[in-house]
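S.K.: So here's query_19.cif (mmCIF, C-alpha atoms).
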data_input
#
loop_
_atom_site.label_atom_id
_atom_site.label_comp_id
_atom_site.auth_asym_id
_atom_site.auth_seq_id
_atom_site.Cartn_x
_atom_site.Cartn_y
_atom_site.Cartn_z
CA MET I 11 108.29 -47.08 37.27
CA PHE I 12 107.52 -49.46 40.13
CA PRO I 13 107.91 -53.22 39.47
CA PHE I 14 104.17 -53.94 39.63
CA ASP I 15 102.78 -56.53 37.23
CA LEU I 16 99.41 -58.24 37.35
CA LEU I 17 99.54 -61.96 36.79
CA PRO I 18 97.46 -63.98 34.29
CA HIS I 19 95.40 -65.55 37.08
CA GLU I 20 94.50 -62.07 38.39
CA VAL I 21 93.40 -60.21 35.25
CA GLU I 22 92.81 -60.84 31.54
CA ASP I 23 95.88 -59.26 29.99
CA GLU I 24 94.50 -59.28 26.45
CA THR I 25 91.50 -57.11 27.31
CA ALA I 26 92.47 -55.16 30.44
CA ARG I 27 93.66 -51.55 30.33
CA PHE I 28 96.29 -50.55 32.88
CA GLY I 29 96.77 -47.24 34.63
CA ARG I 30 99.92 -45.89 36.18
CA VAL I 31 101.42 -47.29 39.36
CA GLU I 32 101.12 -45.12 42.46
CA ALA I 33 102.77 -45.34 45.88
CA MET I 34 100.92 -44.74 49.16
CA ARG I 35 102.22 -44.96 52.69
CA VAL I 36 99.50 -45.96 55.17
CA THR I 37 99.03 -47.81 58.45
CA PRO I 38 97.49 -51.18 57.52
CA PHE I 39 95.25 -53.46 59.56
CA ARG I 40 95.11 -51.13 62.61
CA GLN I 41 98.88 -51.68 63.12
CA ARG I 42 101.89 -49.41 63.19
CA PRO I 43 104.23 -48.29 61.72
CA ALA I 44 103.11 -47.09 58.31
CA VAL I 45 103.88 -49.31 55.32
CA GLU I 46 104.42 -48.41 51.69
CA PHE I 47 102.02 -49.92 49.14
CA TRP I 48 101.96 -49.83 45.36
CA LEU I 49 98.58 -49.43 43.68
CA ARG I 50 97.44 -49.69 40.09
CA ARG I 51 94.08 -48.99 38.45
CA VAL I 52 92.88 -51.64 35.98
CA THR I 53 89.89 -51.39 33.64
CA THR I 54 88.62 -54.93 33.01
CA SER I 55 86.84 -56.56 30.06
CA VAL I 56 83.46 -55.82 31.71
CA GLU I 57 84.35 -52.15 32.21
CA GLU I 58 85.06 -52.28 35.94
CA ASN I 59 87.57 -49.74 37.23
CA LEU I 60 89.42 -51.67 39.94
CA TRP I 61 92.33 -50.87 42.22
CA PHE I 62 94.94 -53.60 42.70
CA PHE I 63 97.65 -53.22 45.29
CA GLN I 64 100.66 -54.96 46.86
CA GLU I 65 102.94 -54.34 49.81
CA ALA I 66 106.12 -52.83 48.36
CA ARG I 67 108.62 -54.41 50.73
CA ARG I 68 107.32 -57.98 50.55
CA GLY I 69 107.38 -58.46 46.79
CA LYS I 70 104.77 -61.21 46.89
CA ARG I 71 103.95 -63.28 43.81
CA TRP I 72 100.31 -62.13 43.99
CA ASN I 73 98.32 -58.94 44.39
CA PHE I 74 95.16 -57.79 46.16
CA VAL I 75 92.04 -55.93 45.00
CA LEU I 76 89.73 -53.57 46.88
CA THR I 77 86.30 -55.10 47.60
CA TYR I 78 83.14 -54.43 49.61
CA GLU I 79 83.32 -55.86 53.12
CA GLY I 80 79.53 -56.12 53.56
CA THR I 81 76.33 -56.51 51.54
CA TYR I 82 74.41 -53.33 50.79
CA ASP I 83 71.42 -52.48 48.56
CA ASP I 84 73.40 -52.59 45.32
CA TYR I 85 76.61 -54.37 46.32
CA LEU I 86 77.64 -57.80 47.58
CA ALA I 87 80.24 -58.65 50.19
CA GLY I 88 83.40 -59.66 48.34
CA GLN I 89 82.38 -57.83 45.16
CA PRO I 90 85.26 -55.78 43.71
CA ILE I 91 84.80 -52.04 44.11
CA SER I 92 84.44 -50.37 40.72
CA TYR I 93 85.28 -46.68 40.88
CA GLY I 94 84.25 -44.08 38.33
CA PRO I 95 86.77 -43.78 35.48
CA ASP I 96 87.84 -40.32 36.70
CA VAL I 97 87.74 -41.02 40.46
CA GLU I 98 91.10 -41.05 42.19
CA LEU I 99 91.84 -43.04 45.34
CA ASN I 100 93.49 -41.12 48.18
CA GLU I 101 95.55 -42.43 51.08
CA ARG I 102 92.78 -42.00 53.64
CA GLU I 103 90.29 -44.02 51.58
CA PHE I 104 92.86 -46.71 50.93
CA ALA I 105 93.79 -46.92 54.62
CA ASN I 106 90.11 -47.31 55.54
CA CYS I 107 89.74 -50.17 53.05
CA LEU I 108 92.62 -51.98 54.76
CA LYS I 109 91.32 -51.14 58.23
CA TRP I 110 87.85 -52.59 57.55
CA ASP I 111 89.06 -55.61 55.53
CA SER I 112 87.62 -54.15 52.35
CA TRP I 113 89.96 -56.09 50.11
CA GLY I 114 90.40 -59.52 48.60
CA ARG I 115 92.10 -61.72 46.01
CA MET I 116 91.08 -62.22 42.38
CA LEU I 117 91.46 -65.48 40.47
CA HIS I 118 90.69 -66.32 36.82
CA PHE I 119 89.86 -69.84 35.68
CA ALA I 120 90.21 -70.99 32.08
CA PRO I 121 87.73 -73.38 30.40
CA GLY I 122 88.12 -76.90 31.78
CA GLU I 123 89.50 -75.86 35.17
CA LEU I 124 86.10 -75.92 36.88
CA PRO I 125 83.21 -78.44 36.76
CA VAL I 126 81.06 -75.90 34.88
CA PRO I 127 82.02 -74.97 31.29
CA GLY I 128 83.31 -71.52 30.49
CA ARG I 129 85.69 -68.85 31.79
CA PHE I 130 85.10 -67.63 35.32
CA ARG I 131 86.52 -65.07 37.68
CA ALA I 132 86.33 -65.42 41.44
CA THR I 133 86.88 -62.58 43.89
CA LEU I 134 87.51 -63.78 47.45
CA GLY I 135 86.92 -61.19 50.15
CA ALA I 136 88.71 -61.02 53.49
CA SER I 137 85.26 -61.23 55.11
CA GLY I 138 85.00 -64.89 54.03
CA GLU I 139 82.53 -64.00 51.27
CA GLY I 140 83.12 -63.83 47.55
CA VAL I 141 81.55 -63.57 44.10
CA TRP I 142 81.72 -65.46 40.82
CA LEU I 143 81.58 -63.66 37.48
CA ASP I 144 80.84 -65.72 34.35
CA LEU I 145 83.04 -64.12 31.70
CA ASN I 146 81.19 -65.92 28.89
CA ALA I 147 77.71 -64.84 29.97
CA PRO I 148 75.82 -62.71 27.43
CA PRO I 149 75.49 -59.16 28.80
CA GLU I 150 71.86 -58.77 29.92
CA SER I 151 72.55 -55.31 31.29
CA LYS I 152 75.32 -52.77 31.45
CA GLU I 153 76.36 -54.07 34.88
CA PRO I 154 78.26 -57.33 35.51
CA CYS I 155 76.16 -60.07 37.13
CA TYR I 156 77.97 -61.14 40.32
CA LEU I 157 76.86 -64.28 42.18
CA ALA I 158 77.61 -64.35 45.89
CA PHE I 159 78.98 -67.26 47.91
CA ARG I 160 80.69 -67.89 51.22
CA TRP I 161 84.08 -69.50 50.72
CA HIS I 162 85.26 -69.35 54.35
CA PRO I 163 83.10 -69.77 57.48
CA GLN I 164 84.39 -66.55 59.06
CA ALA I 165 86.50 -63.46 58.43
CA CYS I 166 89.91 -64.65 57.29
CA ALA I 167 92.08 -61.61 56.51
CA LYS I 168 95.33 -63.11 57.79
CA GLN I 169 94.90 -66.40 55.94
CA LEU I 170 93.93 -64.66 52.71
CA TRP I 171 96.87 -62.26 52.95
CA ASP I 172 99.38 -65.13 53.19
CA PHE I 173 97.60 -67.81 51.13
CA ASP I 174 99.91 -68.99 48.32
CA VAL I 175 98.18 -68.47 44.97
CA ASP I 176 98.49 -72.11 43.87
CA GLU I 177 97.09 -73.32 47.18
CA LEU I 178 94.25 -70.78 46.99
CA ARG I 179 93.30 -71.85 43.48
CA ALA I 180 93.41 -75.52 44.46
CA HIS I 181 91.27 -74.80 47.52
CA LEU I 182 88.58 -73.02 45.49
CA LYS I 183 88.59 -75.74 42.81
CA ALA I 184 88.08 -78.36 45.51
CA LEU I 185 85.11 -76.44 46.95
CA ALA I 186 83.65 -76.18 43.43
CA LEU I 187 83.54 -80.00 43.31
CA GLU I 188 81.51 -80.28 46.54
CA ALA I 189 77.94 -80.35 45.20
CA GLU I 190 76.30 -78.89 48.32
CA HIS I 191 78.89 -76.19 49.01
CA ASP I 192 77.98 -72.54 48.49
CA VAL I 193 80.89 -72.08 46.06
CA SER I 194 79.73 -74.99 43.90
CA PHE I 195 76.04 -74.03 43.95
CA ALA I 196 76.76 -70.42 42.91
CA LEU I 197 78.89 -71.69 40.05
CA ARG I 198 76.06 -73.87 38.72
CA TRP I 199 73.53 -71.09 39.37
CA SER I 200 75.46 -68.86 36.96
CA LYS I 201 74.47 -71.13 34.06
CA LEU I 202 70.74 -70.84 34.69
CA SER I 203 68.68 -68.25 32.84
CA PRO I 204 66.96 -65.51 34.89
CA LEU I 205 63.64 -67.34 34.46
CA GLU I 206 65.14 -70.68 35.56
CA ARG I 207 66.62 -69.03 38.65
CA HIS I 208 63.29 -67.39 39.42
CA LYS I 209 61.43 -70.69 39.22
CA GLN I 210 63.98 -72.32 41.54
CA ARG I 211 63.33 -69.62 44.15
CA VAL I 212 59.55 -69.20 43.69
CA LYS I 213 57.38 -72.30 43.78
CA VAL I 214 53.67 -73.17 44.03
CA ARG I 215 51.97 -75.67 46.32
CA ARG I 216 49.33 -76.60 43.74
CA GLY I 217 49.45 -76.65 39.96
CA THR I 218 52.48 -75.21 38.18
CA TRP I 219 54.25 -71.88 38.25
CA ASP I 220 53.88 -71.59 34.47
CA GLU I 221 50.08 -71.99 34.60
CA ALA I 222 49.78 -69.37 37.34
CA ASN I 223 51.99 -67.01 35.33
CA GLU I 224 49.83 -67.48 32.21
CA LEU I 225 46.63 -66.72 34.14
CA LEU I 226 48.08 -63.57 35.69
CA THR I 227 49.21 -62.45 32.23
CA ALA I 228 45.68 -63.04 30.90
CA ALA I 229 44.25 -61.00 33.77
CA LEU I 230 46.48 -58.05 32.93
CA ARG I 231 45.60 -58.26 29.23
CA THR I 232 41.88 -58.11 29.96
CA ASP I 233 42.09 -55.10 32.26
CA ILE I 234 41.60 -52.20 29.83
CA SER I 235 41.99 -49.60 32.56
CA ALA I 236 45.44 -50.92 33.29
CA VAL I 237 46.71 -51.64 29.79
CA ARG I 238 45.18 -48.92 27.53
CA ASN I 239 47.70 -48.34 24.72
CA ALA I 240 50.93 -48.80 26.66
CA ASP I 241 53.40 -51.50 27.59
CA TRP I 242 53.15 -52.48 31.24
CA ARG I 243 54.80 -54.66 33.82
CA TRP I 244 52.88 -56.05 36.81
CA VAL I 245 55.20 -56.88 39.70
CA LEU I 246 53.71 -59.21 42.33
CA LEU I 247 55.93 -59.21 45.37
CA SER I 248 56.38 -61.66 48.18
CA ALA I 249 54.62 -61.02 51.47
CA ARG I 250 57.55 -59.39 53.25
CA VAL I 251 57.03 -56.37 55.43
CA GLY I 252 56.54 -53.18 53.43
CA HIS I 253 56.28 -54.89 50.05
CA LYS I 254 53.38 -53.90 47.81
CA ASP I 255 52.40 -55.01 44.30
CA TYR I 256 52.59 -52.37 41.61
CA LEU I 257 52.24 -51.68 37.90
CA TRP I 258 55.20 -50.16 36.07
CA ARG I 259 55.07 -48.32 32.75
CA SER I 260 58.38 -47.74 30.99
CA ASP I 261 57.37 -44.85 28.73
CA SER I 262 55.64 -42.74 31.37
CA ALA I 263 57.04 -39.96 33.52
CA ASP I 264 55.11 -41.50 36.41
CA HIS I 265 56.47 -45.06 36.24
CA TYR I 266 54.75 -46.64 39.25
CA HIS I 267 51.01 -47.21 39.58
CA GLU I 268 48.90 -49.04 42.13
CA THR I 269 47.32 -52.33 41.10
CA PRO I 270 43.67 -51.62 40.07
CA PRO I 271 40.89 -53.24 42.15
CA ARG I 272 39.86 -55.74 39.47
CA LEU I 273 43.43 -56.99 39.06
CA ARG I 274 43.76 -57.33 42.82
CA VAL I 275 40.71 -59.62 42.79
CA TRP I 276 42.20 -61.80 40.06
CA LYS I 277 45.52 -61.91 41.85
CA GLN I 278 43.85 -63.11 45.06
CA LEU I 279 41.85 -65.81 43.23
CA ILE I 280 44.92 -67.11 41.39
CA PHE I 281 47.14 -66.96 44.48
CA ASN I 282 44.53 -68.82 46.53
CA ALA I 283 44.41 -71.55 43.87
CA PHE I 284 48.17 -72.00 43.38
CA GLU I 285 49.63 -70.77 46.69
CA PRO I 286 52.94 -69.41 45.41
CA TYR I 287 55.70 -69.06 47.96
CA GLU I 288 59.33 -68.13 48.21
CA ASP I 289 61.65 -71.03 49.06
CA LEU I 290 63.27 -69.33 52.04
CA ASP I 291 65.25 -72.44 52.96
CA LEU I 292 67.00 -72.29 49.59
CA CYS I 293 67.49 -68.52 49.92
CA LYS I 294 69.07 -68.85 53.35
CA ARG I 295 71.23 -71.82 52.43
CA TYR I 296 72.79 -70.32 49.32
CA TRP I 297 73.82 -66.69 49.18
CA CYS I 298 73.40 -66.32 45.42
CA VAL I 299 69.67 -67.17 45.57
CA TRP I 300 68.62 -64.39 47.92
CA PRO I 301 67.21 -61.54 45.77
CA GLY I 302 68.79 -58.15 46.02
CA ASP I 303 66.19 -55.78 44.53
CA ASN I 304 62.44 -55.45 44.07
CA GLU I 305 62.27 -57.01 40.64
CA ASP I 306 64.21 -60.12 41.69
CA ASP I 307 62.16 -60.16 44.87
CA SER I 308 58.90 -60.71 43.00
CA LEU I 309 56.85 -63.88 43.00
CA PHE I 310 55.70 -63.01 39.47
CA ASN I 311 56.83 -60.29 37.08
CA ILE I 312 54.22 -60.01 34.34
CA ARG I 313 55.12 -58.16 31.16
CA CYS I 314 52.31 -57.16 28.83
CA THR I 315 52.52 -55.23 25.59
CA ALA I 316 49.35 -53.50 24.45
CA PRO I 317 47.13 -56.42 23.33
CA SER I 318 45.07 -56.55 20.18
CA ALA I 319 41.31 -57.12 20.40
CA HIS I 320 41.89 -60.76 19.43
CA GLU I 321 44.50 -61.22 22.16
CA GLN I 322 42.16 -59.67 24.71
CA MET I 323 39.38 -62.05 23.69
CA GLU I 324 41.70 -65.06 24.00
CA ALA I 325 42.79 -63.89 27.46
CA LEU I 326 39.18 -63.41 28.51
CA LEU I 327 38.23 -66.93 27.39
CA LYS I 328 41.23 -68.41 29.20
CA LEU I 329 40.25 -66.73 32.45
CA ARG I 330 36.58 -67.69 32.06
CA GLN I 331 37.39 -71.37 31.44
CA TRP I 332 39.67 -71.50 34.46
CA ALA I 333 37.34 -69.50 36.75
CA LYS I 334 34.34 -71.74 35.97
CA ARG I 335 36.07 -74.51 37.92
CA LYS I 336 37.15 -72.29 40.81
CA VAL I 337 34.60 -69.50 41.37
CA PRO I 338 30.88 -69.62 42.35
CA ALA I 339 28.51 -68.66 39.50
CA ALA I 340 27.30 -65.41 41.13
CA ARG I 341 30.86 -64.14 41.65
CA LEU I 342 31.85 -65.33 38.20
CA ARG I 343 29.27 -63.03 36.56
CA ALA I 344 30.52 -60.04 38.58
CA LEU I 345 34.12 -60.76 37.53
CA PHE I 346 33.30 -60.50 33.83
CA GLU I 347 31.00 -57.53 33.93
CA THR I 348 32.34 -54.65 31.86
#
Just give me the structure as structure tokens.
M.R.:
Amino acid sequence: MFPFDLLPHEVEDETARFGRVEAMRVTPFRQRPAVEFWLRRVTTSVEENLWFFQEARRGKRWNFVLTYEGTYDDYLAGQPISYGPDVELNEREFANCLKWDSWGRMLHFAPGELPVPGRFRATLGASGEGVWLDLNAPPESKEPCYLAFRWHPQACAKQLWDFDVDELRAHLKALALEAEHDVSFALRWSKLSPLERHKQRVKVRRGTWDEANELLTAALRTDISAVRNADWRWVLLSARVGHKDYLWRSDSADHYHETPPRLRVWKQLIFNAFEPYEDLDLCKRYWCVWPGDNEDDSLFNIRCTAPSAHEQMEALLKLRQWAKRKVPAARLRALFET
């Protein structure tokens, strides 16, 4: 057995499951000659299957973890790579990870060590990017919720390789105390609910986001052709190239549907009144704010269960009362014709 132990600051010993240690001889960092590495698979408390590794000859007091070196559709730069439970890592794949700086360091922080309450894990990528993971967060899905940040202004493979673990922890804790720093903002962002995050990113120039959301919900409830006897979601996207609003039905083989004409009219009226917009300055300043998929990318995401007749009548009255103040009388009659 190789002398390969993971340290308390790198993994939660009480919940992690450890695989066997393997040896691989590869050429690291585009240099020669080949070097022997020890690798070990670890299954974490959030069911990630990660590969940790260390250079055999150096016997450092810390280890490294394989990470993504760039941001893709479903992955963030600095996010640890989670392999399938039965997927094995070969020498060629491992060598490519080293070649393209697809690795990083992992640090755990106990309650009280950071300015935000709870247990956190940081993964710092050699690209200068990293992710927080709130280990106390209630699981909202089967996948861990990583929050991206930039911890170093540029790629920093050499520094990260040699950074003493105590110095690295102290450095990250200091950045977490700087209110405007990306590391600190992402840490605070982790404590906001999905709705609170959404309302930080999407704002309105007139009125309130909540009022606009209520009116859009009422519009969906009154559109019989859209609702019928199903549960629907109406996703209203930002005005980026190629983005188009749609209706989504969870219990249908054909999930996606175009927004019906009447709903499009209501959407335009409500958007003209409230002028919702995406705070692009906030998105560009802090990496964790920028949405990564269509649902997060929405300005509004309206969920509507099949309404009763009473609920439909209430929604209709709400829309009528609001529209009386905003819409000419002739157009108002056309809106409510059945």
S.K.: Counting all atoms listed in the file, which residues in segment 63-113 of chain I sit no more than 12 Å from segment 13-22 of chain I? For each one, give the nearest pair of atoms and the distance in Å, sorted by chain then residue number, as a Markdown table.
M.R.:
| residue | atom | partner | partner_atom | distance |
| --- | --- | --- | --- | --- |
| I:Phe63 | CA | I:Phe14 | CA | 8.7 |
| I:Gln64 | CA | I:Phe14 | CA | 8.1 |
| I:Glu65 | CA | I:Phe14 | CA | 10.3 |
| I:Ala66 | CA | I:Phe14 | CA | 9.0 |
| I:Arg67 | CA | I:Pro13 | CA | 11.3 |
| I:Gly69 | CA | I:Pro13 | CA | 9.0 |
| I:Lys70 | CA | I:Phe14 | CA | 10.3 |
| I:Arg71 | CA | I:Leu17 | CA | 8.4 |
| I:Trp72 | CA | I:Leu17 | CA | 7.2 |
| I:Asn73 | CA | I:Leu16 | CA | 7.2 |
| I:Phe74 | CA | I:Glu20 | CA | 8.9 |
| I:Val75 | CA | I:Glu20 | CA | 9.4 |
S.K.: Produce a file of the selected residues containing C-alpha atoms, as a PDB file, in the coordinates of the input.
M.R.:
ATOM      1  CA  PHE I  63      97.650 -53.220  45.290  1.00  0.00           C
ATOM      2  CA  GLN I  64     100.660 -54.960  46.860  1.00  0.00           C
ATOM      3  CA  GLU I  65     102.940 -54.340  49.810  1.00  0.00           C
ATOM      4  CA  ALA I  66     106.120 -52.830  48.360  1.00  0.00           C
ATOM      5  CA  ARG I  67     108.620 -54.410  50.730  1.00  0.00           C
ATOM      6  CA  GLY I  69     107.380 -58.460  46.790  1.00  0.00           C
ATOM      7  CA  LYS I  70     104.770 -61.210  46.890  1.00  0.00           C
ATOM      8  CA  ARG I  71     103.950 -63.280  43.810  1.00  0.00           C
ATOM      9  CA  TRP I  72     100.310 -62.130  43.990  1.00  0.00           C
ATOM     10  CA  ASN I  73      98.320 -58.940  44.390  1.00  0.00           C
ATOM     11  CA  PHE I  74      95.160 -57.790  46.160  1.00  0.00           C
ATOM     12  CA  VAL I  75      92.040 -55.930  45.000  1.00  0.00           C
TER      13      VAL I  75
END
S.K.: Apply the PyMOL selection byres ((chain I and resi 257) around 10) to the displayed file and report the matching residues as a PDB file with C-alpha atoms, keeping the file's coordinate frame.
M.R.:
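See expr.pdb below for the written result:
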ATOM      1  CA  LEU I 230      46.480 -58.050  32.930  1.00  0.00           C
ATOM      2  CA  ALA I 236      45.440 -50.920  33.290  1.00  0.00           C
ATOM      3  CA  VAL I 237      46.710 -51.640  29.790  1.00  0.00           C
ATOM      4  CA  TRP I 242      53.150 -52.480  31.240  1.00  0.00           C
ATOM      5  CA  ARG I 243      54.800 -54.660  33.820  1.00  0.00           C
ATOM      6  CA  TRP I 244      52.880 -56.050  36.810  1.00  0.00           C
ATOM      7  CA  VAL I 245      55.200 -56.880  39.700  1.00  0.00           C
ATOM      8  CA  LEU I 246      53.710 -59.210  42.330  1.00  0.00           C
ATOM      9  CA  ASP I 255      52.400 -55.010  44.300  1.00  0.00           C
ATOM     10  CA  TYR I 256      52.590 -52.370  41.610  1.00  0.00           C
ATOM     11  CA  TRP I 258      55.200 -50.160  36.070  1.00  0.00           C
ATOM     12  CA  ARG I 259      55.070 -48.320  32.750  1.00  0.00           C
ATOM     13  CA  HIS I 265      56.470 -45.060  36.240  1.00  0.00           C
ATOM     14  CA  TYR I 266      54.750 -46.640  39.250  1.00  0.00           C
ATOM     15  CA  HIS I 267      51.010 -47.210  39.580  1.00  0.00           C
ATOM     16  CA  GLU I 268      48.900 -49.040  42.130  1.00  0.00           C
ATOM     17  CA  THR I 269      47.320 -52.330  41.100  1.00  0.00           C
ATOM     18  CA  PRO I 270      43.670 -51.620  40.070  1.00  0.00           C
ATOM     19  CA  ASN I 311      56.830 -60.290  37.080  1.00  0.00           C
ATOM     20  CA  ILE I 312      54.220 -60.010  34.340  1.00  0.00           C
ATOM     21  CA  ARG I 313      55.120 -58.160  31.160  1.00  0.00           C
TER      22      ARG I 313
END
S.K.: Can you turn the PyMOL selection byres ((chain I and resi 121-127) around 9) into a concrete residue list for this file, as a list in words?
M.R.: Phe119, Ala120, Gly128, Arg129, Phe130, Lys183, Ala186, Leu187, Ser194, Leu197, Arg198 and Lys201 of chain I
S.K.: Can you work out which one of I:Ala240, I:Cys314, I:Leu345, I:Val214 has the shortest atom-to-atom distance to Trp276 of chain I, counting all atoms listed in the file?
M.R.: I:Leu345
S.K.: Name the residues that the PyMOL selection byres ((chain I and resi 90-106) around 10) pulls out of this structure, and write them as number ranges by chain.
M.R.: I: 32-40, 47, 49, 51-54, 57-63, 75-79, 85-89, 107-116, 132-135, 140-141, 156
S.K.: Between atom CA of Glu206 of chain I and atom CA of Phe281 of chain I, what is the distance in Å, rounded to a tenth?
M.R.: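 These atoms are spaced 20.4 Å apart.
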S.K.: When distances are computed from only C-alpha atoms, which of I:Ala136, I:Phe346, I:Cys293, I:Trp142 shows the smallest separation from Asp172 of chain I?
M.R.: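 Checking each of I:Ala136, I:Phe346, I:Cys293, I:Trp142 against Asp172 of chain I, counting only C-alpha atoms, the winner is I:Ala136.
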S.K.: Can you work out which one of I:Ser137, I:Leu145, I:Ala333, I:Leu225 has the shortest atom-to-atom distance to Ala167 of chain I, counting only C-alpha atoms?
M.R.: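 Using only C-alpha atoms, the shortest distance to Ala167 of chain I belongs to I:Ser137.
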S.K.: Any idea what the distance is between atom CA of Val31 of chain I and atom CA of Leu117 of chain I?
M.R.: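 Going from atom CA of Val31 of chain I over to atom CA of Leu117 of chain I covers 20.8 Å.
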